[in-house]
Structure formats: C-alpha cells, structure tokens
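Containing JSON, N, CA and C atoms: my_file_1.json.
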[["chain", "number", "residue", "atom", "x", "y", "z"],
["A", 1389, "MET", "N", 0.83, -1.20, 0.00],
["A", 1389, "MET", "CA", 0.00, 0.00, 0.00],
["A", 1389, "MET", "C", 0.87, 1.25, 0.00],
["A", 1390, "GLY", "N", 2.03, 1.19, 0.54],
["A", 1390, "GLY", "CA", 2.93, 2.32, 0.50],
["A", 1390, "GLY", "C", 3.01, 3.06, 1.82],
["A", 1391, "GLN", "N", 4.13, 3.72, 1.99],
["A", 1391, "GLN", "CA", 4.40, 4.44, 3.23],
["A", 1391, "GLN", "C", 3.39, 5.57, 3.46],
["A", 1392, "LYS", "N", 3.00, 6.28, 2.42],
["A", 1392, "LYS", "CA", 2.03, 7.39, 2.56],
["A", 1392, "LYS", "C", 0.71, 6.88, 3.13],
["A", 1393, "ALA", "N", 0.24, 5.76, 2.62],
["A", 1393, "ALA", "CA", -1.02, 5.19, 3.11],
["A", 1393, "ALA", "C", -0.90, 4.77, 4.56],
["A", 1394, "ILE", "N", 0.21, 4.16, 4.92],
["A", 1394, "ILE", "CA", 0.42, 3.73, 6.30],
["A", 1394, "ILE", "C", 0.46, 4.93, 7.23],
["A", 1395, "GLU", "N", 1.17, 5.99, 6.83],
["A", 1395, "GLU", "CA", 1.25, 7.20, 7.64],
["A", 1395, "GLU", "C", -0.13, 7.84, 7.82],
["A", 1396, "THR", "N", -0.93, 7.84, 6.77],
["A", 1396, "THR", "CA", -2.27, 8.41, 6.86],
["A", 1396, "THR", "C", -3.14, 7.59, 7.79],
["A", 1397, "PHE", "N", -3.06, 6.27, 7.69],
["A", 1397, "PHE", "CA", -3.80, 5.40, 8.61],
["A", 1397, "PHE", "C", -3.37, 5.67, 10.05],
["A", 1398, "ARG", "N", -2.07, 5.76, 10.29],
["A", 1398, "ARG", "CA", -1.57, 6.01, 11.65],
["A", 1398, "ARG", "C", -2.05, 7.35, 12.19],
["A", 1399, "ALA", "N", -2.11, 8.34, 11.32],
["A", 1399, "ALA", "CA", -2.59, 9.67, 11.74],
["A", 1399, "ALA", "C", -4.06, 9.62, 12.13],
["A", 1400, "CYS", "N", -4.82, 8.70, 11.56],
["A", 1400, "CYS", "CA", -6.26, 8.56, 11.85],
["A", 1400, "CYS", "C", -6.54, 7.72, 13.09],
["A", 1401, "THR", "N", -5.57, 6.98, 13.57],
["A", 1401, "THR", "CA", -5.80, 6.07, 14.70],
["A", 1401, "THR", "C", -6.39, 6.76, 15.92],
["A", 1402, "PRO", "N", -5.85, 7.89, 16.40],
["A", 1402, "PRO", "CA", -6.47, 8.54, 17.57],
["A", 1402, "PRO", "C", -7.91, 8.99, 17.30],
["A", 1403, "LEU", "N", -8.18, 9.42, 16.09],
["A", 1403, "LEU", "CA", -9.55, 9.81, 15.73],
["A", 1403, "LEU", "C", -10.47, 8.60, 15.78],
["A", 1404, "PHE", "N", -10.04, 7.48, 15.22],
["A", 1404, "PHE", "CA", -10.86, 6.27, 15.26],
["A", 1404, "PHE", "C", -11.10, 5.81, 16.70],
["A", 1405, "GLN", "N", -10.08, 5.92, 17.53],
["A", 1405, "GLN", "CA", -10.23, 5.53, 18.93],
["A", 1405, "GLN", "C", -11.25, 6.43, 19.63],
["A", 1406, "ALA", "N", -11.19, 7.71, 19.37],
["A", 1406, "ALA", "CA", -12.14, 8.65, 19.99],
["A", 1406, "ALA", "C", -13.57, 8.36, 19.52],
["A", 1407, "LEU", "N", -13.72, 8.00, 18.26],
["A", 1407, "LEU", "CA", -15.05, 7.74, 17.70],
["A", 1407, "LEU", "C", -15.57, 6.35, 18.02],
["A", 1408, "SER", "N", -14.74, 5.48, 18.55],
["A", 1408, "SER", "CA", -15.15, 4.08, 18.76],
["A", 1408, "SER", "C", -16.07, 3.90, 19.96],
["A", 1409, "ASP", "N", -16.10, 4.85, 20.87],
["A", 1409, "ASP", "CA", -16.91, 4.71, 22.08],
["A", 1409, "ASP", "C", -18.36, 5.11, 21.83],
["A", 1410, "PRO", "N", -19.32, 4.26, 22.19],
["A", 1410, "PRO", "CA", -20.74, 4.59, 21.96],
["A", 1410, "PRO", "C", -21.20, 5.86, 22.68],
["A", 1411, "TYR", "N", -20.68, 6.13, 23.87],
["A", 1411, "TYR", "CA", -21.08, 7.35, 24.58],
["A", 1411, "TYR", "C", -20.57, 8.59, 23.85],
["A", 1412, "ARG", "N", -19.37, 8.52, 23.31],
["A", 1412, "ARG", "CA", -18.86, 9.66, 22.56],
["A", 1412, "ARG", "C", -19.64, 9.83, 21.27],
["A", 1413, "GLN", "N", -20.05, 8.74, 20.68],
["A", 1413, "GLN", "CA", -20.91, 8.83, 19.50],
["A", 1413, "GLN", "C", -22.23, 9.51, 19.85],
["A", 1414, "ASP", "N", -22.79, 9.14, 21.01],
["A", 1414, "ASP", "CA", -24.03, 9.77, 21.47],
["A", 1414, "ASP", "C", -23.85, 11.28, 21.67],
["A", 1415, "ILE", "N", -22.72, 11.67, 22.24],
["A", 1415, "ILE", "CA", -22.45, 13.08, 22.47],
["A", 1415, "ILE", "C", -22.35, 13.83, 21.14],
["A", 1416, "ILE", "N", -21.67, 13.23, 20.17],
["A", 1416, "ILE", "CA", -21.55, 13.86, 18.86],
["A", 1416, "ILE", "C", -22.92, 14.05, 18.21],
["A", 1417, "VAL", "N", -23.74, 13.02, 18.25],
["A", 1417, "VAL", "CA", -25.08, 13.11, 17.67],
["A", 1417, "VAL", "C", -25.91, 14.16, 18.41],
["A", 1418, "LEU", "N", -25.83, 14.17, 19.72],
["A", 1418, "LEU", "CA", -26.56, 15.15, 20.52],
["A", 1418, "LEU", "C", -26.13, 16.57, 20.17],
["A", 1419, "LEU", "N", -24.84, 16.81, 20.06],
["A", 1419, "LEU", "CA", -24.37, 18.13, 19.70],
["A", 1419, "LEU", "C", -24.75, 18.51, 18.27],
["A", 1420, "ALA", "N", -24.81, 17.52, 17.40],
["A", 1420, "ALA", "CA", -25.24, 17.80, 16.03],
["A", 1420, "ALA", "C", -26.69, 18.27, 15.99],
["A", 1421, "GLU", "N", -27.49, 17.75, 16.90],
["A", 1421, "GLU", "CA", -28.91, 18.11, 16.94],
["A", 1421, "GLU", "C", -29.18, 19.38, 17.73],
["A", 1422, "LYS", "N", -28.39, 19.64, 18.80],
["A", 1422, "LYS", "CA", -28.77, 20.68, 19.76],
["A", 1422, "LYS", "C", -27.64, 21.60, 20.18],
["A", 1423, "GLU", "N", -26.56, 21.69, 19.43],
["A", 1423, "GLU", "CA", -25.43, 22.48, 19.91],
["A", 1423, "GLU", "C", -25.77, 23.96, 20.00],
["A", 1424, "PRO", "N", -25.10, 24.74, 20.81],
["A", 1424, "PRO", "CA", -24.12, 24.35, 21.82],
["A", 1424, "PRO", "C", -24.79, 23.92, 23.11],
["A", 1425, "LEU", "N", -24.11, 23.07, 23.87],
["A", 1425, "LEU", "CA", -24.64, 22.57, 25.14],
["A", 1425, "LEU", "C", -23.56, 22.60, 26.22],
["A", 1426, "THR", "N", -24.00, 22.73, 27.46],
["A", 1426, "THR", "CA", -23.10, 22.63, 28.61],
["A", 1426, "THR", "C", -22.97, 21.16, 29.01],
["A", 1427, "VAL", "N", -22.02, 20.87, 29.88],
["A", 1427, "VAL", "CA", -21.85, 19.50, 30.38],
["A", 1427, "VAL", "C", -23.14, 19.05, 31.06],
["A", 1428, "ASN", "N", -23.74, 19.91, 31.86],
["A", 1428, "ASN", "CA", -24.99, 19.54, 32.55],
["A", 1428, "ASN", "C", -26.10, 19.22, 31.56],
["A", 1429, "GLN", "N", -26.21, 20.00, 30.50],
["A", 1429, "GLN", "CA", -27.24, 19.75, 29.49],
["A", 1429, "GLN", "C", -26.99, 18.43, 28.77],
["A", 1430, "ILE", "N", -25.74, 18.15, 28.47],
["A", 1430, "ILE", "CA", -25.40, 16.87, 27.82],
["A", 1430, "ILE", "C", -25.72, 15.72, 28.76],
["A", 1431, "THR", "N", -25.36, 15.87, 30.04],
["A", 1431, "THR", "CA", -25.60, 14.82, 31.04],
["A", 1431, "THR", "C", -27.08, 14.48, 31.16],
["A", 1432, "GLU", "N", -27.95, 15.48, 31.02],
["A", 1432, "GLU", "CA", -29.40, 15.25, 31.10],
["A", 1432, "GLU", "C", -29.90, 14.28, 30.04],
["A", 1433, "HIS", "N", -29.19, 14.18, 28.93],
["A", 1433, "HIS", "CA", -29.61, 13.32, 27.82],
["A", 1433, "HIS", "C", -28.95, 11.95, 27.83],
["A", 1434, "LEU", "N", -28.01, 11.72, 28.74],
["A", 1434, "LEU", "CA", -27.27, 10.46, 28.76],
["A", 1434, "LEU", "C", -27.46, 9.76, 30.10],
["A", 1435, "THR", "N", -27.02, 8.52, 30.16],
["A", 1435, "THR", "CA", -27.10, 7.75, 31.41],
["A", 1435, "THR", "C", -25.76, 7.78, 32.15],
["A", 1436, "LEU", "N", -24.93, 8.76, 31.86],
["A", 1436, "LEU", "CA", -23.62, 8.89, 32.48],
["A", 1436, "LEU", "C", -23.63, 9.97, 33.55],
["A", 1437, "SER", "N", -22.68, 9.89, 34.46],
["A", 1437, "SER", "CA", -22.50, 10.94, 35.46],
["A", 1437, "SER", "C", -21.84, 12.16, 34.80],
["A", 1438, "ARG", "N", -21.93, 13.28, 35.49],
["A", 1438, "ARG", "CA", -21.31, 14.50, 34.97],
["A", 1438, "ARG", "C", -19.80, 14.32, 34.79],
["A", 1439, "PRO", "N", -19.09, 13.73, 35.77],
["A", 1439, "PRO", "CA", -17.64, 13.51, 35.57],
["A", 1439, "PRO", "C", -17.34, 12.62, 34.36],
["A", 1440, "ALA", "N", -18.17, 11.62, 34.13],
["A", 1440, "ALA", "CA", -17.96, 10.74, 32.98],
["A", 1440, "ALA", "C", -18.17, 11.50, 31.67],
["A", 1441, "VAL", "N", -19.19, 12.34, 31.62],
["A", 1441, "VAL", "CA", -19.43, 13.15, 30.42],
["A", 1441, "VAL", "C", -18.25, 14.09, 30.20],
["A", 1442, "SER", "N", -17.76, 14.70, 31.27],
["A", 1442, "SER", "CA", -16.60, 15.59, 31.15],
["A", 1442, "SER", "C", -15.38, 14.84, 30.61],
["A", 1443, "HIS", "N", -15.19, 13.62, 31.07],
["A", 1443, "HIS", "CA", -14.08, 12.80, 30.58],
["A", 1443, "HIS", "C", -14.21, 12.56, 29.08],
["A", 1444, "HIS", "N", -15.40, 12.18, 28.63],
["A", 1444, "HIS", "CA", -15.62, 11.93, 27.20],
["A", 1444, "HIS", "C", -15.45, 13.21, 26.38],
["A", 1445, "LEU", "N", -15.91, 14.33, 26.92],
["A", 1445, "LEU", "CA", -15.74, 15.61, 26.22],
["A", 1445, "LEU", "C", -14.27, 15.97, 26.09],
["A", 1446, "LYS", "N", -13.47, 15.65, 27.10],
["A", 1446, "LYS", "CA", -12.04, 15.93, 27.02],
["A", 1446, "LYS", "C", -11.40, 15.13, 25.89],
["A", 1447, "ILE", "N", -11.76, 13.88, 25.78],
["A", 1447, "ILE", "CA", -11.23, 13.04, 24.69],
["A", 1447, "ILE", "C", -11.65, 13.60, 23.34],
["A", 1448, "LEU", "N", -12.90, 14.01, 23.22],
["A", 1448, "LEU", "CA", -13.38, 14.60, 21.96],
["A", 1448, "LEU", "C", -12.67, 15.92, 21.67],
["A", 1449, "ARG", "N", -12.43, 16.71, 22.71],
["A", 1449, "ARG", "CA", -11.70, 17.97, 22.54],
["A", 1449, "ARG", "C", -10.26, 17.72, 22.12],
["A", 1450, "ASP", "N", -9.63, 16.74, 22.73],
["A", 1450, "ASP", "CA", -8.25, 16.40, 22.39],
["A", 1450, "ASP", "C", -8.10, 16.03, 20.91],
["A", 1451, "GLN", "N", -9.13, 15.45, 20.34],
["A", 1451, "GLN", "CA", -9.11, 15.08, 18.93],
["A", 1451, "GLN", "C", -9.75, 16.15, 18.04],
["A", 1452, "GLN", "N", -10.03, 17.29, 18.62],
["A", 1452, "GLN", "CA", -10.59, 18.44, 17.92],
["A", 1452, "GLN", "C", -11.93, 18.12, 17.26],
["A", 1453, "LEU", "N", -12.71, 17.27, 17.93],
["A", 1453, "LEU", "CA", -14.05, 16.95, 17.45],
["A", 1453, "LEU", "C", -15.10, 17.87, 18.05],
["A", 1454, "VAL", "N", -14.79, 18.46, 19.19],
["A", 1454, "VAL", "CA", -15.67, 19.45, 19.80],
["A", 1454, "VAL", "C", -14.81, 20.65, 20.23],
["A", 1455, "SER", "N", -15.47, 21.80, 20.28],
["A", 1455, "SER", "CA", -14.80, 23.01, 20.76],
["A", 1455, "SER", "C", -15.52, 23.48, 22.01],
["A", 1456, "LEU", "N", -14.84, 24.32, 22.75],
["A", 1456, "LEU", "CA", -15.34, 24.82, 24.02],
["A", 1456, "LEU", "C", -15.34, 26.33, 23.97],
["A", 1457, "GLU", "N", -16.46, 26.93, 24.39],
["A", 1457, "GLU", "CA", -16.57, 28.38, 24.47],
["A", 1457, "GLU", "C", -17.05, 28.76, 25.86],
["A", 1458, "GLN", "N", -16.31, 29.63, 26.50],
["A", 1458, "GLN", "CA", -16.66, 30.11, 27.84],
["A", 1458, "GLN", "C", -17.54, 31.35, 27.69],
["A", 1459, "LYS", "N", -18.72, 31.32, 28.32],
["A", 1459, "LYS", "CA", -19.61, 32.48, 28.37],
["A", 1459, "LYS", "C", -19.97, 32.71, 29.83],
["A", 1460, "GLY", "N", -19.29, 33.66, 30.45],
["A", 1460, "GLY", "CA", -19.48, 33.87, 31.88],
["A", 1460, "GLY", "C", -18.97, 32.66, 32.64],
["A", 1461, "THR", "N", -19.84, 32.08, 33.45],
["A", 1461, "THR", "CA", -19.45, 30.88, 34.21],
["A", 1461, "THR", "C", -19.81, 29.60, 33.47],
["A", 1462, "GLN", "N", -20.46, 29.72, 32.35],
["A", 1462, "GLN", "CA", -20.90, 28.54, 31.57],
["A", 1462, "GLN", "C", -19.85, 28.19, 30.52],
["A", 1463, "ARG", "N", -19.69, 26.89, 30.29],
["A", 1463, "ARG", "CA", -18.81, 26.38, 29.24],
["A", 1463, "ARG", "C", -19.68, 25.61, 28.25],
["A", 1464, "PHE", "N", -19.70, 26.08, 27.02],
["A", 1464, "PHE", "CA", -20.54, 25.48, 26.00],
["A", 1464, "PHE", "C", -19.69, 24.68, 25.01],
["A", 1465, "TYR", "N", -20.19, 23.48, 24.68],
["A", 1465, "TYR", "CA", -19.52, 22.59, 23.74],
["A", 1465, "TYR", "C", -20.27, 22.58, 22.42],
["A", 1466, "SER", "N", -19.51, 22.60, 21.33],
["A", 1466, "SER", "CA", -20.06, 22.54, 19.98],
["A", 1466, "SER", "C", -19.21, 21.57, 19.15],
["A", 1467, "LEU", "N", -19.82, 21.07, 18.09],
["A", 1467, "LEU", "CA", -19.07, 20.20, 17.19],
["A", 1467, "LEU", "C", -18.03, 21.01, 16.42],
["A", 1468, "GLU", "N", -16.92, 20.40, 16.16],
["A", 1468, "GLU", "CA", -15.84, 21.01, 15.41],
["A", 1468, "GLU", "C", -15.24, 19.92, 14.53],
["A", 1469, "LEU", "N", -15.93, 19.58, 13.45],
["A", 1469, "LEU", "CA", -15.58, 18.39, 12.68],
["A", 1469, "LEU", "C", -14.68, 18.64, 11.49],
["A", 1470, "ASP", "N", -14.34, 19.88, 11.20],
["A", 1470, "ASP", "CA", -13.58, 20.18, 9.98],
["A", 1470, "ASP", "C", -12.26, 19.42, 9.88],
["A", 1471, "ASN", "N", -11.47, 19.41, 10.96],
["A", 1471, "ASN", "CA", -10.18, 18.72, 10.92],
["A", 1471, "ASN", "C", -10.36, 17.22, 10.74],
["A", 1472, "ALA", "N", -11.33, 16.64, 11.45],
["A", 1472, "ALA", "CA", -11.56, 15.20, 11.34],
["A", 1472, "ALA", "C", -12.02, 14.82, 9.94],
["A", 1473, "VAL", "N", -12.92, 15.61, 9.38],
["A", 1473, "VAL", "CA", -13.42, 15.33, 8.03],
["A", 1473, "VAL", "C", -12.27, 15.42, 7.02],
["A", 1474, "GLU", "N", -11.42, 16.43, 7.18],
["A", 1474, "GLU", "CA", -10.28, 16.58, 6.26],
["A", 1474, "GLU", "C", -9.32, 15.39, 6.37],
["A", 1475, "LEU", "N", -9.06, 14.95, 7.59],
["A", 1475, "LEU", "CA", -8.19, 13.80, 7.79],
["A", 1475, "LEU", "C", -8.78, 12.54, 7.17],
["A", 1476, "LEU", "N", -10.08, 12.34, 7.34],
["A", 1476, "LEU", "CA", -10.74, 11.17, 6.75],
["A", 1476, "LEU", "C", -10.76, 11.25, 5.22],
["A", 1477, "LYS", "N", -10.90, 12.45, 4.68],
["A", 1477, "LYS", "CA", -10.84, 12.62, 3.22],
["A", 1477, "LYS", "C", -9.46, 12.25, 2.70],
["A", 1478, "GLN", "N", -8.42, 12.65, 3.44],
["A", 1478, "GLN", "CA", -7.05, 12.28, 3.05],
["A", 1478, "GLN", "C", -6.88, 10.77, 3.06],
["A", 1479, "LEU", "N", -7.45, 10.12, 4.08],
["A", 1479, "LEU", "CA", -7.35, 8.67, 4.16],
["A", 1479, "LEU", "C", -8.05, 8.01, 2.98],
["A", 1480, "VAL", "N", -9.24, 8.44, 2.69],
["A", 1480, "VAL", "CA", -9.99, 7.86, 1.57],
["A", 1480, "VAL", "C", -9.25, 8.10, 0.27],
["A", 1481, "GLY", "N", -8.74, 9.32, 0.07],
["A", 1481, "GLY", "CA", -7.99, 9.63, -1.15],
["A", 1481, "GLY", "C", -6.74, 8.78, -1.28],
["A", 1482, "THR", "N", -6.04, 8.60, -0.19],
["A", 1482, "THR", "CA", -4.83, 7.78, -0.19],
["A", 1482, "THR", "C", -5.15, 6.35, -0.55],
["A", 1483, "ILE", "N", -6.21, 5.83, 0.04],
["A", 1483, "ILE", "CA", -6.61, 4.45, -0.25],
["A", 1483, "ILE", "C", -7.02, 4.31, -1.72],
["A", 1484, "GLU", "N", -7.80, 5.26, -2.21],
["A", 1484, "GLU", "CA", -8.23, 5.20, -3.61],
["A", 1484, "GLU", "C", -7.05, 5.27, -4.58],
["A", 1485, "ASN", "N", -6.05, 6.06, -4.23],
["A", 1485, "ASN", "CA", -4.91, 6.25, -5.13],
["A", 1485, "ASN", "C", -3.85, 5.15, -5.02],
["A", 1486, "HIS", "N", -3.83, 4.43, -3.89],
["A", 1486, "HIS", "CA", -2.75, 3.47, -3.69],
["A", 1486, "HIS", "C", -3.21, 2.01, -3.61],
["A", 1487, "CYS", "N", -4.49, 1.78, -3.68],
["A", 1487, "CYS", "CA", -5.00, 0.41, -3.62],
["A", 1487, "CYS", "C", -5.71, 0.07, -4.92],
["A", 1488, "GLU", "N", -5.52, -1.12, -5.34],
["A", 1488, "GLU", "CA", -6.18, -1.54, -6.58],
["A", 1488, "GLU", "C", -7.24, -2.56, -6.28]]
Entire entry expressed as structure tokens:
Amino acid sequence: MGQKAIETFRACTPLFQALSDPYRQDIIVLLAEKEPLTVNQITEHLTLSRPAVSHHLKILRDQQLVSLEQKGTQRFYSLELDNAVELLKQLVGTIENHCE
C-alpha cells in the first residue's frame, strides 16, 4: 500500500479511537442536533455521570471533534468536525490512489 497510506492510517488512529466509544458517538449526535450545550445539558440526555461526560468531552476535545466556548461561568460545547473530516478525506484519497 505504501508508506504514505500507512502514515495516513496512523494519523487517523487517535480519531478512530475517539469515535469508537458509543457514549462519545451519542455526544456527537446530541451536539449535532442541539449544539451548543453545557456539560450539565449533555448529562441530562445520557445515562452517564457528569464527571464521565466531562471525561468523554475531554477526549473529543483532544481530537478536535468538539470546541469549548466560555460564556461567563458557563462552558458550551459545539461540534468542530472540519479537521476530522479533512483527515478522513485524506485517508480515503490515499486508499483510492494506492490500492487496486
């Protein structure tokens, strides 16, 4: 497949790991429907504790899948999918160009 394809796959690994968790998938879908939301608002829609939701949001933030905006004492989370979509497009393009 080539070194470029392997490097692109490796670059996507943290993104795939972040997306592999069902609770993080739920958070992404929830934010897609109702963004922006606070941790408490997200927690109201899930069966997780507030600390658990915060943990999942940190993982999503680390992979630049969500962004955080401070408004007074409130912290609002929104989807931020541009980088992930671009990385996945690179992966698909690499596979299309290097695999027969």
Between CA of Ile1416 (chain A) and CA of Glu1468 (chain A), distance in Å (one decimal):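 These atoms are spaced 9.8 Å apart.
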Using DSSP on the backbone coordinates, identify the residues of region 1413-1463 of chain A assigned to strand (DSSP E); present them as a list in words. Val1454, Ser1455, Leu1456, Glu1457, Gln1458, Lys1459, Gln1462 and Arg1463 of chain A
If you run DSSP on the backbone here, which positions in region 1391-1479 of chain A get alpha helix (DSSP H)? Please write them as a PyMOL selection string. chain A and resi 1391-1407+1410-1422+1427-1432+1438-1450+1470-1479
Between A:Leu1467, A:Glu1457, A:Arg1412, A:Ala1399, which has the minimum distance to Ser1442 (chain A) (counting only C-alpha atoms)?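 Ranking A:Leu1467, A:Glu1457, A:Arg1412, A:Ala1399 by distance to Ser1442 (chain A), first place goes to A:Arg1412.
Nearest residue to Val1417 (chain A) among A:Ala1440, A:Ala1393, A:Ile1430, A:Leu1479 is A:Ile1430, counting only C-alpha atoms.
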Would you work out the distance separating CA of Asp1414 (chain A) from CA of Glu1432 (chain A), expressed in Å to one decimal? 12.3 Å
Counting only C-alpha atoms, figure out which residue out of A:Ile1394, A:Ala1420, A:Leu1425, A:Ile1415 gets nearest to Arg1463 (chain A). A:Leu1425
With all atoms of region 1468-1474 of chain A from the file as input, state the centre and edge lengths in Å to one decimal of the axis-aligned box that has 8 Å extra on each side, as lines of an AutoDock Vina configuration file.
center_x = -13.1
center_y = 17.9
center_z = 11.2
size_x = 23.6
size_y = 22.2
size_z = 25.9
Env of Asp1470 (chain A): 8 Å cut, atoms = all atoms listed in the file, seq-sep filter 6 positions within chain, self excluded. Answer as number ranges by chain. A: 1452-1453, 1476
Could all heavy atoms be built for region 1399-1408 of chain A and written out as a PDB file, in the coordinates of the input?
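The file below, out03.pdb, is the result:
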ATOM      1  N   ALA A1399      -2.110   8.340  11.320  1.00  0.00           N
ATOM      2  CA  ALA A1399      -2.590   9.670  11.740  1.00  0.00           C
ATOM      3  C   ALA A1399      -4.060   9.620  12.130  1.00  0.00           C
ATOM      4  O   ALA A1399      -4.514  10.406  12.980  1.00  0.00           O
ATOM      5  CB  ALA A1399      -2.370  10.684  10.620  1.00  0.00           C
ATOM      6  N   CYS A1400      -4.820   8.700  11.560  1.00  0.00           N
ATOM      7  CA  CYS A1400      -6.260   8.560  11.850  1.00  0.00           C
ATOM      8  C   CYS A1400      -6.540   7.720  13.090  1.00  0.00           C
ATOM      9  O   CYS A1400      -7.656   7.763  13.612  1.00  0.00           O
ATOM     10  CB  CYS A1400      -6.979   7.941  10.651  1.00  0.00           C
ATOM     11  SG  CYS A1400      -7.111   9.029   9.229  1.00  0.00           S
ATOM     12  N   THR A1401      -5.570   6.980  13.570  1.00  0.00           N
ATOM     13  CA  THR A1401      -5.800   6.070  14.700  1.00  0.00           C
ATOM     14  C   THR A1401      -6.390   6.760  15.920  1.00  0.00           C
ATOM     15  O   THR A1401      -7.400   6.280  16.457  1.00  0.00           O
ATOM     16  CB  THR A1401      -4.510   5.313  15.057  1.00  0.00           C
ATOM     17  OG1 THR A1401      -4.109   4.542  13.934  1.00  0.00           O
ATOM     18  CG2 THR A1401      -4.726   4.398  16.249  1.00  0.00           C
ATOM     19  N   PRO A1402      -5.850   7.890  16.400  1.00  0.00           N
ATOM     20  CA  PRO A1402      -6.470   8.540  17.570  1.00  0.00           C
ATOM     21  C   PRO A1402      -7.910   8.990  17.300  1.00  0.00           C
ATOM     22  O   PRO A1402      -8.767   8.904  18.188  1.00  0.00           O
ATOM     23  CB  PRO A1402      -5.563   9.751  17.835  1.00  0.00           C
ATOM     24  CG  PRO A1402      -4.270   9.417  17.187  1.00  0.00           C
ATOM     25  CD  PRO A1402      -4.611   8.567  16.004  1.00  0.00           C
ATOM     26  N   LEU A1403      -8.180   9.420  16.090  1.00  0.00           N
ATOM     27  CA  LEU A1403      -9.550   9.810  15.730  1.00  0.00           C
ATOM     28  C   LEU A1403     -10.470   8.600  15.780  1.00  0.00           C
ATOM     29  O   LEU A1403     -11.565   8.675  16.358  1.00  0.00           O
ATOM     30  CB  LEU A1403      -9.554  10.430  14.331  1.00  0.00           C
ATOM     31  CG  LEU A1403     -10.913  10.796  13.756  1.00  0.00           C
ATOM     32  CD1 LEU A1403     -11.606  11.849  14.618  1.00  0.00           C
ATOM     33  CD2 LEU A1403     -10.755  11.282  12.326  1.00  0.00           C
ATOM     34  N   PHE A1404     -10.040   7.480  15.220  1.00  0.00           N
ATOM     35  CA  PHE A1404     -10.860   6.270  15.260  1.00  0.00           C
ATOM     36  C   PHE A1404     -11.100   5.810  16.700  1.00  0.00           C
ATOM     37  O   PHE A1404     -12.204   5.382  17.046  1.00  0.00           O
ATOM     38  CB  PHE A1404     -10.210   5.133  14.465  1.00  0.00           C
ATOM     39  CG  PHE A1404     -10.178   5.352  12.981  1.00  0.00           C
ATOM     40  CD1 PHE A1404      -9.128   4.861  12.231  1.00  0.00           C
ATOM     41  CD2 PHE A1404     -11.184   6.036  12.325  1.00  0.00           C
ATOM     42  CE1 PHE A1404      -9.084   5.043  10.859  1.00  0.00           C
ATOM     43  CE2 PHE A1404     -11.156   6.228  10.950  1.00  0.00           C
ATOM     44  CZ  PHE A1404     -10.102   5.728  10.215  1.00  0.00           C
ATOM     45  N   GLN A1405     -10.080   5.920  17.530  1.00  0.00           N
ATOM     46  CA  GLN A1405     -10.230   5.530  18.930  1.00  0.00           C
ATOM     47  C   GLN A1405     -11.250   6.430  19.630  1.00  0.00           C
ATOM     48  O   GLN A1405     -12.069   5.945  20.411  1.00  0.00           O
ATOM     49  CB  GLN A1405      -8.883   5.566  19.646  1.00  0.00           C
ATOM     50  CG  GLN A1405      -7.970   4.458  19.200  1.00  0.00           C
ATOM     51  CD  GLN A1405      -6.555   4.587  19.742  1.00  0.00           C
ATOM     52  OE1 GLN A1405      -6.094   5.673  20.066  1.00  0.00           O
ATOM     53  NE2 GLN A1405      -5.858   3.464  19.815  1.00  0.00           N
ATOM     54  N   ALA A1406     -11.190   7.710  19.370  1.00  0.00           N
ATOM     55  CA  ALA A1406     -12.140   8.650  19.990  1.00  0.00           C
ATOM     56  C   ALA A1406     -13.570   8.360  19.520  1.00  0.00           C
ATOM     57  O   ALA A1406     -14.516   8.436  20.303  1.00  0.00           O
ATOM     58  CB  ALA A1406     -11.765  10.091  19.664  1.00  0.00           C
ATOM     59  N   LEU A1407     -13.720   8.000  18.260  1.00  0.00           N
ATOM     60  CA  LEU A1407     -15.050   7.740  17.700  1.00  0.00           C
ATOM     61  C   LEU A1407     -15.570   6.350  18.020  1.00  0.00           C
ATOM     62  O   LEU A1407     -16.755   6.073  17.804  1.00  0.00           O
ATOM     63  CB  LEU A1407     -15.017   7.936  16.185  1.00  0.00           C
ATOM     64  CG  LEU A1407     -14.764   9.356  15.697  1.00  0.00           C
ATOM     65  CD1 LEU A1407     -14.577   9.373  14.191  1.00  0.00           C
ATOM     66  CD2 LEU A1407     -15.891  10.274  16.124  1.00  0.00           C
ATOM     67  N   SER A1408     -14.740   5.480  18.550  1.00  0.00           N
ATOM     68  CA  SER A1408     -15.150   4.080  18.760  1.00  0.00           C
ATOM     69  C   SER A1408     -16.070   3.900  19.960  1.00  0.00           C
ATOM     70  O   SER A1408     -16.767   2.883  20.054  1.00  0.00           O
ATOM     71  CB  SER A1408     -13.921   3.185  18.924  1.00  0.00           C
ATOM     72  OG  SER A1408     -13.256   3.478  20.153  1.00  0.00           O
TER      73      SER A1408
END
